[in-house]
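S.K.: I have a structure here, written as structure tokens, and I will follow up with some questions on it.
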Amino acid sequence: MFSINPLTQKKLTRFRQIKRSYYSFILLSLLILLSCIAEVFVNSKALMVSYQGQWYFPTYTGVNVGEDFGLDYAYEVDYRVLAKKFSEEDQGDWVIMPPVPWNAFEQDFDGINYPPNPPSWQDSHYLGTDVLGRDVVARLVYGFRIAIWFALLTLTLCYSIGVVIGCVMGYMGGKFDLFMQRGIEIWSMVPFLYVIMILVSIIQPSFFLFVLINVMFGWMGITWYMRTLTYKEKAREYVQAARAQGAGLWRIILKHILPNTMVMIVTLAPFGVVANISALTALDYLGLGLMPPTPSWGDLLQQGKSNMDAYWIGASVVSAIVLVLTMVTFIGEGVREAFDPKKYTRYR
Amino acid sequence: MKTMTFLRASLKTSLGALLLSSLAQATTLPANLNWTSGPDAPLFADKNAKQGGVYNLRLSTFPLTFRTIGPDSNGSFRPFLLDGQPGLLQMHPNTREYLPSLATEWAFDDDQKTVYFKLDKTARWSDGADISSADFEFLFDYMRSDNAKAPWYKDYYTNSITGITVYDEDTFALHSADRLPQDDLIARLGVTPRPKHFYPDGLPENFIKRYNWKAEPVTGPYILGKVKKGKSIEFVKVKDWWGYNNPYYQNRYNVDRVRLKIIRDQDVAMKHFEKGSIDAFSMILPGVWHNQGKGPLYDKGFIEKSWLFNDTPQGATGVWLNLENPLMQDANVRKGIAYSINVDKMIETALFGDYVHLQSFGSGKGIYDHPTMKAKPFDPKLAAEYFAKAGYDSLGRDGIRINAQGERLVLVMNYSWKAHSARTAVLREEAKKAGLDLQLNLVEGATGFKAALEKKHQAVFQGMGSGMKPAYWQYFHSANAKPQTNNFTNYQDPEMDKLIDAYDSEFNVEKKAKFSHQIQEKIMACDCFIPTYSVPYTRLAHWRYVRLPVSLGVGLSTALADESGFEYGLFWLDEETKKETLEAKKSGQSFPAVNRVEKLGVESL
């Protein structure tokens with residue numbers, strides 16, 4: 001059974017005591033988890049269709065064409081229309097739609113009102129539509145999913161690289177440290193934003209390529225912290241003891257030093273997430289982010305700025321950004337507080 | 001050393017003068033020339049126009065140079081420096097006949113390559129110097145100079161316009177390399193001179209740098225005035241401009257000063273416009289016209305909206321499929337794609353129904369347009385049939401067609417302007433109905449066009465400009481089926497080559513039109529160019545004191561109040577109305593809302 005170190009246990013309890021951080025953490029985790037199955041809540045595909053006694057679950061299965069349900073077209077069936085048709089015909093067929101029956105790409109256009117259209121319960125556009133007639137809720141939800149996973153993935157990769165290199169620098173010291181330091185200094189002088197702009201103007205990056213580019217320029221920050229911490233830890237007795245027992249470089253770093261420097265990673269991580277979300281949103285806003293029509297907050301923000309009259313676009317995306325970033329910051333604060341060694345020191 | 005160079009220079013000039021004088025003696029004007037000064041065409045400017053006032057506009061970026069030739073010169077600012085300048089002749093913007101401008105009379109030689117011109121004796125450069133034959137002679141030195149670093153012009157002024165023969169100070173002939181019908185000949189030879197006296201030693205070696213921020217004297221009514229680098233540029237009216245001796249220039253170019261403010265951001269510029277620090281705002285884009293061009297200022301009549309359906313020739317805008325691409329070599333796939341592009345829905349939704357569905361390769365070219373040609377309509381069923389014929393006969397899990405090898409039916413379409421994302425997004429969603437995964441690839445701006453020239457694309461969503469007559473050679477001749485040309489489809493067909501050659505060399509208008517129709521049919525049969533839309537209008541939002549003529553503009557107007565470069569200058573500022581407007585704004589009064597629509601080119605719609 002996985003057992004928790006009593007000290008860590010103490011820290012967790014402390015974190016739980018900081019209410020706003022703890023609830024932010026719960027809420028955000030929930031949101032992230034739910035966003036993984038966003039298709040169930042926000043989707044143009046029905047959750048369930050009963051047609052002539054047979055049940056269909058289109059959300060995660062292959063595409064059902066109109067002909068499957070007695071319609072005259074061979075492309076994906078419009079479930080919203082189907083639901084209306086079934087209820088009008090009243091022959092025992094029915095459709096259950098998700099709460100928001102729109103996906104992030106389709107354009108709702110009634111031929112009379114040009115988008116952006118204000119929020120409407122009747123059309124199930126709870127936050128209205130954007131300039132292309134796409135549902136703002138859907139754009140927000142799928143945009144959130146992309147932004148948060150982008151942030152987490154970038155963070156994980158950056159920290160994996162940065163932590164390992166930083167630790168090795170601190171532990172080995174000497175020439176390796178010296179050269180790596182200068183190397184990192186030079187590399188971090190490369191103007192990251194400009195490089196992204198240039199790269200993006202040449203190739204339109206996919207999600208993973210975009211993560212990669214961001215990782216390329218984002219791993220340096222953490223190395224400095226890890227290097228200093230490792231320097232400090234290296235001189236401690238337990239490291240000496242491990243060394244005396246013949247442990248190798250990687251074993252000492254990963255098994256002995258890393259757990260003792262984890263505090264730094266944990267405290268910095270939430271702020272890293274904030275930075276990454278902001279970076280992606282900013283780049284999307286400038287049109288240098290992910291390829292359109294990928295749902296993105298930056299794109300919505302841009303639309304909101306260009307269409308001040310369509311307050312629902314700007315208002316909803318700004319609230320969403322503020323909300324998420326505040327929650328992450330609260331979590332960060334709580335973690336920092338909980339892991340603050342001053343709490344447990346004898347020297348008060 | 002100095003004296004030496006001076007000696008050499010003076011020797012050169014005297015030698016040159018000697019040569020010139022001997023040339024002048026050797027060449028005499030042919031007798032029996034049939035001189036004309038054009039038809040008696042109706043005037044098109046508004047007689048009620050008032051002179052004076054300061055006109056404020058917005059420019060989105062500060063230009064990289066004030067040169068009109070050489071690197072960085074072909075930007076969005078050049079229309080202010082070059083496009084409105086009178087050349088030898090001007091085209092009547094409604095009847096499209098040629099009228100006198102710098103030349104008062106002209107005559108055609110029987111060789112169909114040469115046109116003789118007599119200059120207006122009153123014509124002056126903006127700095128007061130006389131415009132003479134020497135300036136036209138200098139034009140060739142200017143364009144051909146290696147120091148200008150303009151290979152295209154060098155080639156054009158060597159291999160298309162071959163030279164000049166000067167008879168006297170105001171009389172000369174220009175020569176074309178090819179025999180051309182009279183209209184085409186004038187279109188080619190009706191050039192704008194360059195001021196010889198401004199470059200006493202010709203174009204120096206460091207021309208690009210030395211003249212980067214020096215604007216030449218011009219033939220037109222406005223010269224560059226005060227410039228604040230990065231912030232604003234002012235144009236000032238030339239005193240006693242010579243052009244007003246010409247009836248066709250009267251009542252035009254009415255404002256005294258044109259001030260261009262650099263405002264990068266469109267939304268910020270819009271706020272400036274609403275505040276009144278900009279007088280007019282181009283609103284060709286439907287999103288801007290319908291969503292942003294509204295509100296109390298419009299309802300109260302402070303800002304008026306004017307929409308002119310003009311009569312300009314429309315270039316080829318559409319989806320160009322690259323025939324080099326293995327998938328595109330299958331005619332069934334191309335047909336399927338043509339049926340899965342829902343242009344009508346795109347126009348209806350993303351473009352507010354303002355644009356017009358283009359039916360073939362360009363439009364608005366009169367007799368050269370195919371009379372019955374129709375673009376393929378959106379028909380997912382038919383598209384599916386063609387895709388099935390090409391082997392993509394079953395639907396994958398995501399609704400995209402797959403073939404027996406399990407390959408998905410994917411078309412990657414490049415486009416180069418972010419504002420087009422809305423349009424292409426509609427096409428993508430609609431193409432899904434035909435089982436086609438239309439992937440969008442935004443390659444911004446100049447890079448995007450470069451990529452298209454490289455011919456690396458599978459498909460490209462792009463529009464091209466157009467002249468008065470359709471041009472086919474650059475787009476469909478096999479000679480251009482290579483990188484760095486406009487043959488974006490890599491089309492190669494010996495029969496087409498023959499047709500294009502025949503079209504290009506035909507003099508008889510009706511026969512030429514017939515060739516044009518045949519070429520159009522072949523293009524549409526190939527399905528490698530899928531026409532999307534044309535924009536047969538121009539429109540503007542402007543403060544009510546910016547007055548436009550009754551007809552709003554003329555047939556060839558691409559802007560109503562010269563908002564993107566000097567064009568016809570038909571508008572004027574009414575100071576009294578301005579006073580009245582500003583007072584009304586203060587006191588909360590209002591005027592009736594004005595929304596004017598004029599249709600000139602209706603017959604071509």
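Labeling convention for the structure tokens: chains A, B, ... as they appear, residues from 1 per chain, ligands from 1 in order of appearance.
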So which residues touch Ile184 in chain A within 10 Å, counting only C-alpha atoms, skipping near sequence neighbours fewer than 6 positions away, as a VMD selection string?
M.R.: chain A and resid 219 to 221 223 to 224
S.K.: Pick out the chain A residues within 9 Å of chain B. Count only C-alpha atoms. Give them as a PyMOL selection string.
M.R.: chain A and resi 61-65+73-76+105-107+109+111+114-116+131-133+200-204+287+291-293+305-309
S.K.: Write the residues of the selection above to a file with N, CA, C and O atoms, as a compact mmCIF listing (two decimals), in the first residue's frame.
M.R.:
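The result, stored in again_6.txt:
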# COMPACT_ATOMS: atom_id res chain seq x y z
N THR A 61 -19.56 6.69 -30.92
CA THR A 61 -19.49 5.68 -31.98
C THR A 61 -19.29 6.35 -33.32
O THR A 61 -19.19 7.57 -33.43
N GLY A 62 -19.23 5.56 -34.37
CA GLY A 62 -19.03 6.10 -35.70
C GLY A 62 -20.22 6.94 -36.12
O GLY A 62 -21.23 7.04 -35.43
N VAL A 63 -20.09 7.53 -37.30
CA VAL A 63 -21.07 8.49 -37.74
C VAL A 63 -22.35 7.78 -38.22
O VAL A 63 -22.29 6.70 -38.81
N ASN A 64 -23.50 8.35 -37.89
CA ASN A 64 -24.77 7.86 -38.43
C ASN A 64 -25.25 8.83 -39.49
O ASN A 64 -25.40 10.02 -39.21
N VAL A 65 -25.50 8.32 -40.68
CA VAL A 65 -25.93 9.22 -41.74
C VAL A 65 -27.46 9.34 -41.71
O VAL A 65 -28.15 8.55 -41.05
N TYR A 73 -30.59 11.94 -46.88
CA TYR A 73 -29.23 12.35 -47.19
C TYR A 73 -28.21 11.40 -46.58
O TYR A 73 -28.50 10.72 -45.60
N ALA A 74 -27.04 11.39 -47.20
CA ALA A 74 -26.04 10.40 -46.81
C ALA A 74 -24.88 11.02 -46.06
O ALA A 74 -23.76 10.54 -46.12
N TYR A 75 -25.10 12.14 -45.41
CA TYR A 75 -24.08 12.66 -44.51
C TYR A 75 -24.63 12.68 -43.10
O TYR A 75 -25.79 12.33 -42.87
N GLU A 76 -23.77 13.11 -42.17
CA GLU A 76 -24.15 12.97 -40.77
C GLU A 76 -25.49 13.63 -40.48
O GLU A 76 -25.78 14.75 -40.88
N PHE A 105 -17.84 23.83 -33.89
CA PHE A 105 -17.51 24.24 -35.25
C PHE A 105 -18.71 24.65 -36.09
O PHE A 105 -18.61 25.45 -36.99
N GLU A 106 -19.86 24.06 -35.81
CA GLU A 106 -20.99 24.29 -36.71
C GLU A 106 -21.52 25.70 -36.56
O GLU A 106 -21.49 26.30 -35.49
N GLN A 107 -22.02 26.22 -37.67
CA GLN A 107 -22.48 27.58 -37.69
C GLN A 107 -23.99 27.59 -37.74
O GLN A 107 -24.59 27.02 -38.63
N PHE A 109 -27.14 29.42 -38.51
CA PHE A 109 -27.52 30.58 -39.31
C PHE A 109 -28.96 30.41 -39.76
O PHE A 109 -29.29 29.47 -40.46
N GLY A 111 -30.72 32.62 -41.48
CA GLY A 111 -31.06 33.33 -42.70
C GLY A 111 -31.67 34.70 -42.46
O GLY A 111 -31.89 35.45 -43.39
N TYR A 114 -28.00 37.94 -38.63
CA TYR A 114 -26.62 37.61 -38.88
C TYR A 114 -25.88 37.50 -37.56
O TYR A 114 -26.11 38.30 -36.66
N PRO A 115 -25.02 36.50 -37.45
CA PRO A 115 -24.25 36.37 -36.22
C PRO A 115 -23.31 37.57 -36.08
O PRO A 115 -22.98 38.18 -37.09
N PRO A 116 -22.85 37.90 -34.88
CA PRO A 116 -23.11 37.22 -33.62
C PRO A 116 -24.52 37.49 -33.08
O PRO A 116 -24.99 38.62 -33.16
N VAL A 131 -18.98 35.51 -34.00
CA VAL A 131 -19.21 36.20 -35.27
C VAL A 131 -19.52 35.24 -36.41
O VAL A 131 -20.02 35.65 -37.45
N LEU A 132 -19.20 33.97 -36.22
CA LEU A 132 -19.47 33.01 -37.28
C LEU A 132 -20.73 32.20 -36.98
O LEU A 132 -21.03 31.24 -37.68
N GLY A 133 -21.41 32.53 -35.91
CA GLY A 133 -22.61 31.78 -35.57
C GLY A 133 -22.32 30.50 -34.83
O GLY A 133 -23.17 29.61 -34.76
N VAL A 200 5.46 30.28 -36.82
CA VAL A 200 4.04 30.13 -37.12
C VAL A 200 3.69 30.72 -38.48
O VAL A 200 2.82 30.23 -39.18
N SER A 201 4.44 31.77 -38.87
CA SER A 201 4.14 32.33 -40.19
C SER A 201 4.62 31.41 -41.31
O SER A 201 4.17 31.52 -42.44
N ILE A 202 5.54 30.53 -40.98
CA ILE A 202 6.02 29.61 -42.02
C ILE A 202 5.19 28.34 -42.02
O ILE A 202 4.72 27.89 -43.05
N ILE A 203 5.02 27.74 -40.85
CA ILE A 203 4.22 26.53 -40.76
C ILE A 203 3.07 26.77 -39.80
O ILE A 203 3.24 27.45 -38.80
N GLN A 204 1.94 26.22 -40.09
CA GLN A 204 0.84 26.29 -39.14
C GLN A 204 0.96 25.09 -38.22
O GLN A 204 0.76 23.97 -38.65
N GLY A 287 -3.43 35.79 -33.35
CA GLY A 287 -3.54 35.01 -34.59
C GLY A 287 -2.29 34.19 -34.86
O GLY A 287 -2.05 33.79 -35.99
N MET A 291 -4.13 26.52 -35.32
CA MET A 291 -4.76 26.79 -36.60
C MET A 291 -6.27 27.00 -36.46
O MET A 291 -6.94 26.23 -35.81
N PRO A 292 -6.82 28.07 -37.05
CA PRO A 292 -8.27 28.17 -37.08
C PRO A 292 -8.84 27.01 -37.91
O PRO A 292 -8.13 26.54 -38.80
N PRO A 293 -10.00 26.51 -37.62
CA PRO A 293 -10.99 27.00 -36.67
C PRO A 293 -10.93 26.33 -35.30
O PRO A 293 -11.96 26.18 -34.66
N LYS A 305 -13.15 41.81 -28.74
CA LYS A 305 -12.58 43.14 -28.87
C LYS A 305 -13.10 43.83 -30.14
O LYS A 305 -13.39 45.02 -30.13
N SER A 306 -13.21 43.05 -31.21
CA SER A 306 -13.66 43.64 -32.47
C SER A 306 -15.16 43.91 -32.48
O SER A 306 -15.63 44.69 -33.29
N ASN A 307 -15.90 43.21 -31.62
CA ASN A 307 -17.34 43.39 -31.61
C ASN A 307 -17.81 43.74 -30.21
O ASN A 307 -18.41 42.93 -29.52
N MET A 308 -17.51 44.95 -29.82
CA MET A 308 -17.85 45.38 -28.47
C MET A 308 -19.36 45.32 -28.24
O MET A 308 -19.81 45.10 -27.12
N ASP A 309 -20.11 45.52 -29.31
CA ASP A 309 -21.57 45.46 -29.17
C ASP A 309 -22.03 44.07 -28.75
O ASP A 309 -23.01 43.91 -28.04
S.K.: State, in Å with one decimal place, the distance from CA of Gly301 in chain B to CA of Gln589 in chain B.
M.R.: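 Between CA of Gly301 in chain B and CA of Gln589 in chain B the gap is 10.0 Å.
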S.K.: Give the answer as one residue: which of A:Thr261, A:Gln122, A:Thr281, A:Ser188 has the shortest atom-to-atom distance to Val163 in chain A, using only C-alpha atoms?
M.R.: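 Answer, going by the shortest atom-to-atom distance: A:Thr261.
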S.K.: What's around Gly225 in chain B at 6 Å? Count only C-alpha atoms, leave out sequence neighbours fewer than 2 positions away in its own chain, and write the answer as a list of chain:residue names.
M.R.: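 So the residues in contact are B:Glu234, B:Phe235, B:Val236.
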S.K.: Can you tell me which residues surround Trp320 in chain B at a distance of at most 8 Å, considering only C-alpha atoms, apart from same-chain residues fewer than 4 positions away, and format the answer as a list in words?
M.R.: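 The contact residues come out as Ala459, Val460, Phe461, Gln462, Phe488, Thr489, Cys528, Phe529 and Ile530 of chain B.
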S.K.: Determine which residues of range 55-240 of chain A receive a DSSP assignment of strand (DSSP E), computed from the backbone, and state them as a VMD selection string.
M.R.: chain A and resid 55 to 56 94 to 96
S.K.: Name all residues at most 7 Å from Asn254 in chain B (count only C-alpha atoms; drop same-chain ones fewer than 5 positions away) and give them as a PyMOL selection string.
M.R.: chain B and resi 50-52+569+572
S.K.: Expressed in Å to a single decimal, how great is the separation between CA of His272 in chain B and CA of Asn56 in chain B?
M.R.: 10.4 Å
S.K.: What is the distance between CA of Asn260 in chain A and CA of Ala235 in chain A, in Å to one decimal?
M.R.: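 That distance, rounded to one decimal, is 12.9 Å.
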S.K.: Which polymer residues have any atom within 10 Å of an atom of Leu155 in chain A, counting only C-alpha atoms, with same-chain residues fewer than 5 positions away left out, as a list in words?
M.R.: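 Skipping anything fewer than 5 positions along the chain leaves Trp149, Phe150, Ser160, Ile161, Val211, Asn214, Val215, Gly218, Trp219, Ala269, Pro270, Phe271, Gly272, Val273, Ala275 and Asn276 of chain A.
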S.K.: From the DSSP assignment of the backbone, select every residue of range 34-270 of chain A that is alpha helix (DSSP H), and format the answer as a PyMOL selection string.
M.R.: chain A and resi 34-36+38-41+79-89+136-172+174-189+192-202+207-218+220-234+237-244+249-251+258-270
S.K.: Just want the 6 Å neighbourhood of range 192-201 of chain B, counted on only C-alpha atoms, with same-chain residues fewer than 2 positions away dropped. Output as JSON, numbers by chain.
M.R.: {"B": [87, 135, 136, 138, 139]}
